[in-house]
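What follows is the content of work.pdb, which has PDB, C-alpha atoms, pLDDT in the B column:
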```pdb
MODEL        1
ATOM      1  CA  MET A   9       5.193 -31.272   0.715  1.00 47.00           C
ATOM      2  CA  THR A  10       3.357 -28.556   2.606  1.00 52.00           C
ATOM      3  CA  ILE A  11       5.509 -25.728   3.887  1.00 55.00           C
ATOM      4  CA  ARG A  12       6.411 -26.463   7.478  1.00 48.00           C
ATOM      5  CA  SER A  13       9.354 -26.105   9.815  1.00 42.00           C
ATOM      6  CA  LYS A  14      10.930 -29.172  11.316  1.00 44.00           C
ATOM      7  CA  THR A  15      11.920 -27.867  14.753  1.00 45.00           C
ATOM      8  CA  GLY A  16       9.855 -27.210  17.857  1.00 47.00           C
ATOM      9  CA  GLU A  17      10.696 -23.522  17.599  1.00 49.00           C
ATOM     10  CA  GLY A  18       9.543 -23.562  13.985  1.00 47.00           C
ATOM     11  CA  ALA A  19       6.257 -25.159  15.036  1.00 46.00           C
ATOM     12  CA  ARG A  20       5.673 -22.428  17.599  1.00 48.00           C
ATOM     13  CA  ARG A  21       6.365 -19.782  14.957  1.00 50.00           C
ATOM     14  CA  ALA A  22       3.990 -21.434  12.507  1.00 45.00           C
ATOM     15  CA  ALA A  23       1.252 -21.199  15.130  1.00 50.00           C
ATOM     16  CA  ARG A  24       1.538 -17.401  15.280  1.00 61.00           C
ATOM     17  CA  ARG A  25      -1.326 -15.337  13.967  1.00 70.00           C
ATOM     18  CA  ALA A  26      -0.824 -14.553  10.293  1.00 76.00           C
ATOM     19  CA  PRO A  27       0.082 -10.899   9.576  1.00 85.00           C
ATOM     20  CA  GLU A  28      -2.835  -8.625   8.755  1.00 87.00           C
ATOM     21  CA  ARG A  29      -0.923  -5.408   7.986  1.00 91.00           C
ATOM     22  CA  LEU A  30       2.170  -4.581   5.964  1.00 93.00           C
ATOM     23  CA  SER A  31       4.029  -3.466   9.092  1.00 94.00           C
ATOM     24  CA  GLU A  32       3.400  -6.898  10.634  1.00 94.00           C
ATOM     25  CA  VAL A  33       4.874  -8.579   7.549  1.00 94.00           C
ATOM     26  CA  LEU A  34       7.952  -6.361   7.868  1.00 95.00           C
ATOM     27  CA  ASP A  35       8.198  -7.152  11.594  1.00 95.00           C
ATOM     28  CA  ALA A  36       8.298 -10.851  10.705  1.00 93.00           C
ATOM     29  CA  LEU A  37      10.981 -10.258   8.072  1.00 94.00           C
ATOM     30  CA  GLU A  38      13.031  -8.295  10.587  1.00 95.00           C
ATOM     31  CA  ARG A  39      12.867 -11.158  13.069  1.00 94.00           C
ATOM     32  CA  ALA A  40      14.097 -13.552  10.388  1.00 94.00           C
ATOM     33  CA  ALA A  41      16.871 -11.127   9.430  1.00 94.00           C
ATOM     34  CA  GLN A  42      18.583 -11.445  12.807  1.00 93.00           C
ATOM     35  CA  ARG A  43      20.428 -14.467  11.394  1.00 90.00           C
ATOM     36  CA  GLY A  44      23.627 -14.109   9.420  1.00 89.00           C
ATOM     37  CA  ALA A  45      22.134 -15.945   6.425  1.00 93.00           C
ATOM     38  CA  VAL A  46      18.368 -16.130   6.033  1.00 93.00           C
ATOM     39  CA  SER A  47      16.665 -18.889   4.062  1.00 93.00           C
ATOM     40  CA  LEU A  48      13.210 -18.720   2.590  1.00 91.00           C
ATOM     41  CA  ARG A  49      12.220 -21.346   5.158  1.00 91.00           C
ATOM     42  CA  ASP A  50      13.321 -18.964   7.939  1.00 93.00           C
ATOM     43  CA  VAL A  51      11.256 -16.140   6.454  1.00 90.00           C
ATOM     44  CA  LEU A  52       8.120 -18.237   6.100  1.00 88.00           C
ATOM     45  CA  ALA A  53       8.516 -19.580   9.633  1.00 88.00           C
ATOM     46  CA  GLU A  54       8.187 -15.975  10.824  1.00 89.00           C
ATOM     47  CA  THR A  55       5.464 -14.732   8.473  1.00 86.00           C
ATOM     48  CA  GLY A  56       3.274 -17.819   8.856  1.00 79.00           C
ATOM     49  CA  GLU A  57       3.235 -20.847   6.629  1.00 71.00           C
ATOM     50  CA  ARG A  58      -0.455 -21.364   5.911  1.00 72.00           C
ATOM     51  CA  ALA A  59      -1.880 -17.999   4.828  1.00 80.00           C
ATOM     52  CA  PHE A  60      -1.552 -17.256   1.120  1.00 88.00           C
ATOM     53  CA  ALA A  61      -1.719 -13.441   1.111  1.00 90.00           C
ATOM     54  CA  PRO A  62       1.424 -12.905   3.242  1.00 90.00           C
ATOM     55  CA  LEU A  63       3.267 -15.477   1.121  1.00 91.00           C
ATOM     56  CA  LEU A  64       2.427 -13.443  -1.979  1.00 94.00           C
ATOM     57  CA  LEU A  65       3.286 -10.173  -0.305  1.00 93.00           C
ATOM     58  CA  VAL A  66       6.750 -11.162   0.969  1.00 93.00           C
ATOM     59  CA  PRO A  67       8.426 -11.788  -2.435  1.00 93.00           C
ATOM     60  CA  ALA A  68       6.569  -8.858  -3.990  1.00 95.00           C
ATOM     61  CA  LEU A  69       7.824  -6.455  -1.310  1.00 93.00           C
ATOM     62  CA  LEU A  70      11.376  -7.764  -1.541  1.00 91.00           C
ATOM     63  CA  LEU A  71      11.329  -7.328  -5.329  1.00 92.00           C
ATOM     64  CA  VAL A  72      10.292  -3.699  -4.859  1.00 92.00           C
ATOM     65  CA  SER A  73      13.222  -3.174  -2.469  1.00 90.00           C
ATOM     66  CA  PRO A  74      16.937  -2.879  -3.338  1.00 85.00           C
ATOM     67  CA  LEU A  75      17.186  -6.680  -3.048  1.00 85.00           C
ATOM     68  CA  SER A  76      15.801  -6.857  -6.587  1.00 83.00           C
ATOM     69  CA  SER A  77      19.202  -5.737  -7.883  1.00 81.00           C
ATOM     70  CA  ILE A  78      20.807  -9.034  -6.780  1.00 82.00           C
ATOM     71  CA  PRO A  79      21.207 -11.304  -9.845  1.00 81.00           C
ATOM     72  CA  GLY A  80      18.677 -14.110  -9.867  1.00 83.00           C
ATOM     73  CA  VAL A  81      16.385 -12.584  -7.242  1.00 86.00           C
ATOM     74  CA  PRO A  82      13.676 -11.456  -9.740  1.00 88.00           C
ATOM     75  CA  VAL A  83      13.533 -14.960 -11.240  1.00 90.00           C
ATOM     76  CA  LEU A  84      13.391 -16.573  -7.793  1.00 91.00           C
ATOM     77  CA  GLY A  85      10.673 -14.176  -6.662  1.00 92.00           C
ATOM     78  CA  ALA A  86       8.652 -14.797  -9.823  1.00 94.00           C
ATOM     79  CA  ALA A  87       8.893 -18.569  -9.311  1.00 94.00           C
ATOM     80  CA  ILE A  88       7.579 -18.267  -5.747  1.00 94.00           C
ATOM     81  CA  LEU A  89       4.728 -16.006  -6.849  1.00 96.00           C
ATOM     82  CA  ILE A  90       3.734 -18.381  -9.660  1.00 96.00           C
ATOM     83  CA  LEU A  91       3.665 -21.369  -7.317  1.00 95.00           C
ATOM     84  CA  ILE A  92       1.719 -19.643  -4.542  1.00 95.00           C
ATOM     85  CA  ALA A  93      -0.842 -17.891  -6.781  1.00 95.00           C
ATOM     86  CA  GLY A  94      -1.284 -21.005  -8.915  1.00 95.00           C
ATOM     87  CA  GLN A  95      -1.933 -23.222  -5.906  1.00 94.00           C
ATOM     88  CA  ARG A  96      -4.486 -20.788  -4.514  1.00 93.00           C
ATOM     89  CA  LEU A  97      -6.287 -20.673  -7.858  1.00 93.00           C
ATOM     90  CA  LEU A  98      -6.408 -24.479  -7.891  1.00 93.00           C
ATOM     91  CA  GLY A  99      -8.066 -24.445  -4.474  1.00 90.00           C
ATOM     92  CA  ARG A 100      -5.207 -25.747  -2.380  1.00 89.00           C
ATOM     93  CA  ARG A 101      -5.772 -24.980   1.311  1.00 84.00           C
ATOM     94  CA  THR A 102      -2.117 -24.856   2.367  1.00 86.00           C
ATOM     95  CA  PRO A 103       0.810 -23.704   0.201  1.00 88.00           C
ATOM     96  CA  TRP A 104       3.700 -25.867  -0.917  1.00 90.00           C
ATOM     97  CA  LEU A 105       7.174 -24.915  -2.067  1.00 91.00           C
ATOM     98  CA  PRO A 106      10.016 -27.257  -3.074  1.00 93.00           C
ATOM     99  CA  ASP A 107      13.017 -27.607  -0.785  1.00 93.00           C
ATOM    100  CA  MET A 108      15.214 -26.208  -3.559  1.00 92.00           C
ATOM    101  CA  LEU A 109      13.472 -22.843  -3.109  1.00 91.00           C
ATOM    102  CA  MET A 110      13.094 -23.115   0.654  1.00 92.00           C
ATOM    103  CA  ARG A 111      16.870 -23.464   1.063  1.00 92.00           C
ATOM    104  CA  ARG A 112      17.722 -20.322  -0.957  1.00 91.00           C
ATOM    105  CA  GLN A 113      19.416 -17.721   1.240  1.00 90.00           C
ATOM    106  CA  VAL A 114      20.105 -14.008   1.437  1.00 90.00           C
ATOM    107  CA  SER A 115      22.317 -12.238   3.945  1.00 92.00           C
ATOM    108  CA  GLY A 116      20.577 -11.000   7.068  1.00 93.00           C
ATOM    109  CA  GLN A 117      22.225  -7.603   6.658  1.00 94.00           C
ATOM    110  CA  ARG A 118      20.758  -7.146   3.179  1.00 93.00           C
ATOM    111  CA  LEU A 119      17.331  -8.265   4.364  1.00 94.00           C
ATOM    112  CA  ARG A 120      17.434  -5.809   7.279  1.00 95.00           C
ATOM    113  CA  ALA A 121      18.361  -3.015   4.872  1.00 94.00           C
ATOM    114  CA  ALA A 122      15.451  -3.945   2.601  1.00 94.00           C
ATOM    115  CA  VAL A 123      13.037  -3.937   5.560  1.00 95.00           C
ATOM    116  CA  ALA A 124      14.285  -0.516   6.674  1.00 95.00           C
ATOM    117  CA  TRP A 125      13.816   0.809   3.127  1.00 94.00           C
ATOM    118  CA  LEU A 126      10.226  -0.478   3.055  1.00 95.00           C
ATOM    119  CA  ARG A 127       9.157   0.822   6.487  1.00 95.00           C
ATOM    120  CA  ARG A 128       8.022   4.298   5.439  1.00 95.00           C
ATOM    121  CA  PRO A 129       5.876   3.289   2.412  1.00 94.00           C
ATOM    122  CA  ALA A 130       4.419   0.388   4.438  1.00 95.00           C
ATOM    123  CA  ALA A 131       3.404   2.764   7.238  1.00 96.00           C
ATOM    124  CA  TRP A 132       1.770   5.067   4.679  1.00 96.00           C
ATOM    125  CA  VAL A 133      -0.226   2.149   3.252  1.00 95.00           C
ATOM    126  CA  ASP A 134      -1.227   0.834   6.692  1.00 95.00           C
ATOM    127  CA  ARG A 135      -2.761   4.199   7.602  1.00 95.00           C
ATOM    128  CA  ARG A 136      -5.000   4.004   4.550  1.00 95.00           C
ATOM    129  CA  THR A 137      -6.187   0.401   4.488  1.00 95.00           C
ATOM    130  CA  ARG A 138      -9.544  -0.740   5.815  1.00 94.00           C
ATOM    131  CA  ARG A 139     -12.184  -3.240   4.759  1.00 94.00           C
ATOM    132  CA  ARG A 140     -13.816  -1.856   1.593  1.00 95.00           C
ATOM    133  CA  LEU A 141     -15.405  -3.249  -1.569  1.00 94.00           C
ATOM    134  CA  GLY A 142     -15.399  -6.729  -0.088  1.00 91.00           C
ATOM    135  CA  TRP A 143     -17.185  -8.176  -3.120  1.00 93.00           C
ATOM    136  CA  LEU A 144     -13.898  -7.873  -5.051  1.00 91.00           C
ATOM    137  CA  LEU A 145     -12.365 -10.372  -2.629  1.00 91.00           C
ATOM    138  CA  ARG A 146     -15.185 -12.913  -2.632  1.00 91.00           C
ATOM    139  CA  PRO A 147     -15.960 -15.601  -5.250  1.00 89.00           C
ATOM    140  CA  PRO A 148     -15.912 -15.384  -8.187  1.00 88.00           C
ATOM    141  CA  PHE A 149     -14.120 -12.018  -8.253  1.00 92.00           C
ATOM    142  CA  ASN A 150     -11.395 -13.100  -5.809  1.00 90.00           C
ATOM    143  CA  HIS A 151      -9.805 -15.084  -8.650  1.00 93.00           C
ATOM    144  CA  LEU A 152      -9.019 -11.895 -10.578  1.00 92.00           C
ATOM    145  CA  PRO A 153      -6.182 -10.641  -8.312  1.00 93.00           C
ATOM    146  CA  LEU A 154      -4.667 -14.142  -8.326  1.00 94.00           C
ATOM    147  CA  LEU A 155      -4.869 -14.389 -12.109  1.00 94.00           C
ATOM    148  CA  ALA A 156      -3.274 -10.960 -12.447  1.00 94.00           C
ATOM    149  CA  THR A 157      -0.506 -11.985 -10.042  1.00 95.00           C
ATOM    150  CA  LEU A 158       0.114 -15.165 -12.026  1.00 94.00           C
ATOM    151  CA  LEU A 159       0.286 -13.319 -15.342  1.00 93.00           C
ATOM    152  CA  ILE A 160       2.625 -10.607 -14.037  1.00 92.00           C
ATOM    153  CA  ALA A 161       4.907 -13.169 -12.393  1.00 94.00           C
ATOM    154  CA  PHE A 162       5.159 -15.157 -15.634  1.00 93.00           C
ATOM    155  CA  ILE A 163       6.359 -12.141 -17.628  1.00 90.00           C
ATOM    156  CA  MET A 164       8.495 -10.606 -14.853  1.00 88.00           C
ATOM    157  CA  PRO A 165      11.771 -12.410 -15.762  1.00 85.00           C
ATOM    158  CA  PHE A 166      11.491 -11.107 -19.331  1.00 85.00           C
ATOM    159  CA  LEU A 167      11.112  -7.535 -18.093  1.00 81.00           C
ATOM    160  CA  GLN A 168      14.676  -7.445 -16.784  1.00 80.00           C
ATOM    161  CA  VAL A 169      15.806  -5.961 -20.111  1.00 79.00           C
ATOM    162  CA  VAL A 170      13.873  -2.788 -19.198  1.00 77.00           C
ATOM    163  CA  PRO A 171      15.355  -0.815 -16.261  1.00 78.00           C
ATOM    164  CA  PHE A 172      13.161  -0.907 -13.131  1.00 81.00           C
ATOM    165  CA  ALA A 173      10.427  -2.865 -14.932  1.00 82.00           C
ATOM    166  CA  PRO A 174      10.610  -5.934 -12.623  1.00 85.00           C
ATOM    167  CA  SER A 175      10.290  -3.684  -9.561  1.00 88.00           C
ATOM    168  CA  LEU A 176       7.298  -1.902 -11.078  1.00 89.00           C
ATOM    169  CA  ALA A 177       5.661  -5.241 -11.844  1.00 90.00           C
ATOM    170  CA  ALA A 178       6.361  -6.370  -8.279  1.00 93.00           C
ATOM    171  CA  ALA A 179       4.808  -3.146  -6.959  1.00 94.00           C
ATOM    172  CA  ALA A 180       1.585  -4.030  -8.783  1.00 94.00           C
ATOM    173  CA  ILE A 181       1.621  -7.495  -7.186  1.00 95.00           C
ATOM    174  CA  ALA A 182       2.322  -5.900  -3.797  1.00 95.00           C
ATOM    175  CA  LEU A 183      -0.792  -3.731  -4.222  1.00 95.00           C
ATOM    176  CA  LEU A 184      -2.865  -6.792  -5.127  1.00 95.00           C
ATOM    177  CA  ALA A 185      -1.493  -8.780  -2.186  1.00 95.00           C
ATOM    178  CA  THR A 186      -2.085  -5.829   0.146  1.00 95.00           C
ATOM    179  CA  GLY A 187      -5.708  -5.748  -0.916  1.00 95.00           C
ATOM    180  CA  MET A 188      -6.028  -9.480  -0.248  1.00 94.00           C
ATOM    181  CA  LEU A 189      -4.190  -9.245   3.083  1.00 93.00           C
ATOM    182  CA  THR A 190      -6.195  -6.307   4.449  1.00 94.00           C
ATOM    183  CA  ARG A 191      -9.470  -7.156   2.655  1.00 94.00           C
ATOM    184  CA  ASP A 192      -9.386  -3.749   0.982  1.00 96.00           C
ATOM    185  CA  GLY A 193     -10.780  -3.856  -2.548  1.00 95.00           C
ATOM    186  CA  ILE A 194      -9.615  -0.289  -3.180  1.00 95.00           C
ATOM    187  CA  PHE A 195      -6.039  -1.546  -3.357  1.00 96.00           C
ATOM    188  CA  VAL A 196      -7.055  -4.217  -5.864  1.00 95.00           C
ATOM    189  CA  LEU A 197      -8.523  -1.475  -8.059  1.00 95.00           C
ATOM    190  CA  ALA A 198      -5.430   0.678  -7.485  1.00 94.00           C
ATOM    191  CA  ALA A 199      -3.291  -2.227  -8.691  1.00 94.00           C
ATOM    192  CA  GLY A 200      -5.337  -2.400 -11.889  1.00 91.00           C
ATOM    193  CA  ALA A 201      -4.870   1.313 -12.531  1.00 92.00           C
ATOM    194  CA  PHE A 202      -1.157   1.049 -11.760  1.00 91.00           C
ATOM    195  CA  LEU A 203      -0.785  -1.895 -14.138  1.00 87.00           C
ATOM    196  CA  ALA A 204      -2.478   0.044 -16.917  1.00 86.00           C
ATOM    197  CA  ALA A 205      -0.096   2.969 -16.361  1.00 86.00           C
ATOM    198  CA  VAL A 206       2.986   0.700 -16.298  1.00 77.00           C
ATOM    199  CA  ALA A 207       1.869  -1.161 -19.435  1.00 77.00           C
ATOM    200  CA  GLY A 208       1.349   2.123 -21.223  1.00 77.00           C
ATOM    201  CA  GLY A 209       4.797   3.305 -20.149  1.00 72.00           C
ATOM    202  CA  LEU A 210       6.455   0.084 -21.310  1.00 67.00           C
ATOM    203  CA  VAL A 211       4.743   0.266 -24.707  1.00 70.00           C
ATOM    204  CA  TRP A 212       5.909   3.844 -25.067  1.00 77.00           C
ATOM    205  CA  ALA A 213       9.486   2.932 -23.983  1.00 66.00           C
ATOM    206  CA  LEU A 214       9.695   0.048 -26.458  1.00 63.00           C
TER     207      LEU A 214
ENDMDL
END
```

Spit out the file's structure as structure tokens when you get a sec.
Amino acid sequence: MTIRSKTGEGARRAARRAPERLSEVLDALERAAQRGAVSLRDVLAETGERAFAPLLLVPALLLVSPLSSIPGVPVLGAAILILIAGQRLLGRRTPWLPDMLMRRQVSGQRLRAAVAWLRRPAAWVDRRTRRRLGWLLRPPFNHLPLLATLLIAFIMPFLQVVPFAPSLAAAAIALLATGMLTRDGIFVLAAGAFLAAVAGGLVWAL
């Protein structure tokens, strides 16, 4: 089924304008984190349930944060990224996630700590994003960031044997999603350069 909340309050949240900046994504996460236990459904009710870019950015940002150290979180994040990027590539207009994933929870305290940790880098990025190189985000080139996201997410669970590798992979996805969210092709190119550097480092480490 399509992602949607079942309460009137959830419907009002779903109608909110989708985030257009990283700080707005973090604001939405902070609102969700006011609960004692926060489900993925709660998070998506705050970030918006129909726009694909924020739905890619949320798990990527959380995997860059200290939340990535919680066992199982990298696998869960990778599964969400695979589903969302895959659906967008297949042309689906609204995203879908199974209830099994939507019910997964994290403590509100941990989510608030992750948001606080991300505030400074998000502010730095927000000051530097603007609409550039729009052709990278229009057909047929707009499939490239999604394909890269899909590939990285598929290999992310296997990177857990290398310290910090899942977080580095998530950082690359966060750059791609930031480019899609803000319509800034420079960040898509930056993600490509970052990926090349990370791949080179992993080859050297292995």

Each residue of segment 93-135 of chain A with at least one atom at most 8 Å from segment 64-86 of chain A should appear once, together with its nearest atom pair and the corresponding distance in Å (one decimal); atoms considered: all atoms listed in the file; ordering: chain, then increasing residue number; output as JSON lines.
```
{"residue": "A:Ala93", "atom": "CA", "partner": "A:Leu64", "partner_atom": "CA", "distance": 7.3}
{"residue": "A:Leu109", "atom": "CA", "partner": "A:Leu84", "partner_atom": "CA", "distance": 7.8}
{"residue": "A:Arg118", "atom": "CA", "partner": "A:Leu75", "partner_atom": "CA", "distance": 7.2}
{"residue": "A:Leu119", "atom": "CA", "partner": "A:Leu75", "partner_atom": "CA", "distance": 7.6}
{"residue": "A:Ala122", "atom": "CA", "partner": "A:Ser73", "partner_atom": "CA", "distance": 5.6}
{"residue": "A:Trp125", "atom": "CA", "partner": "A:Ser73", "partner_atom": "CA", "distance": 6.9}
{"residue": "A:Leu126", "atom": "CA", "partner": "A:Ser73", "partner_atom": "CA", "distance": 6.8}
```

Restricting it to C-alpha atoms, dump the selection as a PDB file, in the coordinates of the input.
```pdb
ATOM      1  CA  ALA A  93      -0.842 -17.891  -6.781  1.00 95.00           C
ATOM      2  CA  LEU A 109      13.472 -22.843  -3.109  1.00 91.00           C
ATOM      3  CA  ARG A 118      20.758  -7.146   3.179  1.00 93.00           C
ATOM      4  CA  LEU A 119      17.331  -8.265   4.364  1.00 94.00           C
ATOM      5  CA  ALA A 122      15.451  -3.945   2.601  1.00 94.00           C
ATOM      6  CA  TRP A 125      13.816   0.809   3.127  1.00 94.00           C
ATOM      7  CA  LEU A 126      10.226  -0.478   3.055  1.00 95.00           C
TER       8      LEU A 126
END
```

field: Given all atoms listed in the file as the counted atoms, nearest of A:Ala198, A:Leu189, A:Val123, A:Leu176 to Leu145 of chain A
entry: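 Looking at the shortest contact to Leu145 of chain A, the residue is A:Leu189.
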
- request: Can you work out which one of A:Leu97, A:Ala205, A:Ala59, A:Val46 has the shortest atom-to-atom distance to Leu155 of chain A, counting only C-alpha atoms?
  value: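 Counting only C-alpha atoms, the residue closest to Leu155 of chain A is A:Leu97.
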
- prompt: So which residues are close to (15.2, -13.2, 12.5), meaning at most 12 Å away in the file's coordinates with only C-alpha atoms counted, and can you show them as JSON, numbers by chain?
  reply: {"A": [18, 21, 34, 35, 36, 37, 38, 39, 40, 41, 42, 43, 44, 45, 46, 47, 48, 49, 50, 51, 52, 53, 54, 55, 115, 116, 117, 119, 120, 123]}

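When atom CA of Leu152 of chain A is paired with atom CA of Ala87 of chain A, their separation reads 19.2 Å.
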
task: On this file, the PyMOL selection byres ((chain A and resi 90) around 8) gives some set of residues; write that set as a ChimeraX atom specification.
output: /A:86-89,91-94,157-158,161-162

message: To test your reading of the syntax: which residues would the PyMOL selection byres ((chain A and resi 188) around 12) return for the file shown? Reply as a ChimeraX atom specification.
response: /A:27-30,59-65,93,137-146,149-154,157,181-187,189-197,199

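For the pair atom CA of Ala204 of chain A and atom CA of Leu159 of chain A, the separation is 13.7 Å.
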
field: Coordinates-based distance that separates atom CA of Gly56 of chain A from atom CA of Arg128 of chain A (Å, one decimal)
entry: 22.9 Å

Please write out, as JSON, where the centre of an axis-aligned box around all listed atoms of segment 126-130 of chain A lies and how long its edges are, in Å to one decimal, after adding 4 Å on each side.
```
{"center_x": 7.3, "center_y": 1.9, "center_z": 4.4, "size_x": 13.8, "size_y": 12.8, "size_z": 12.1}
```
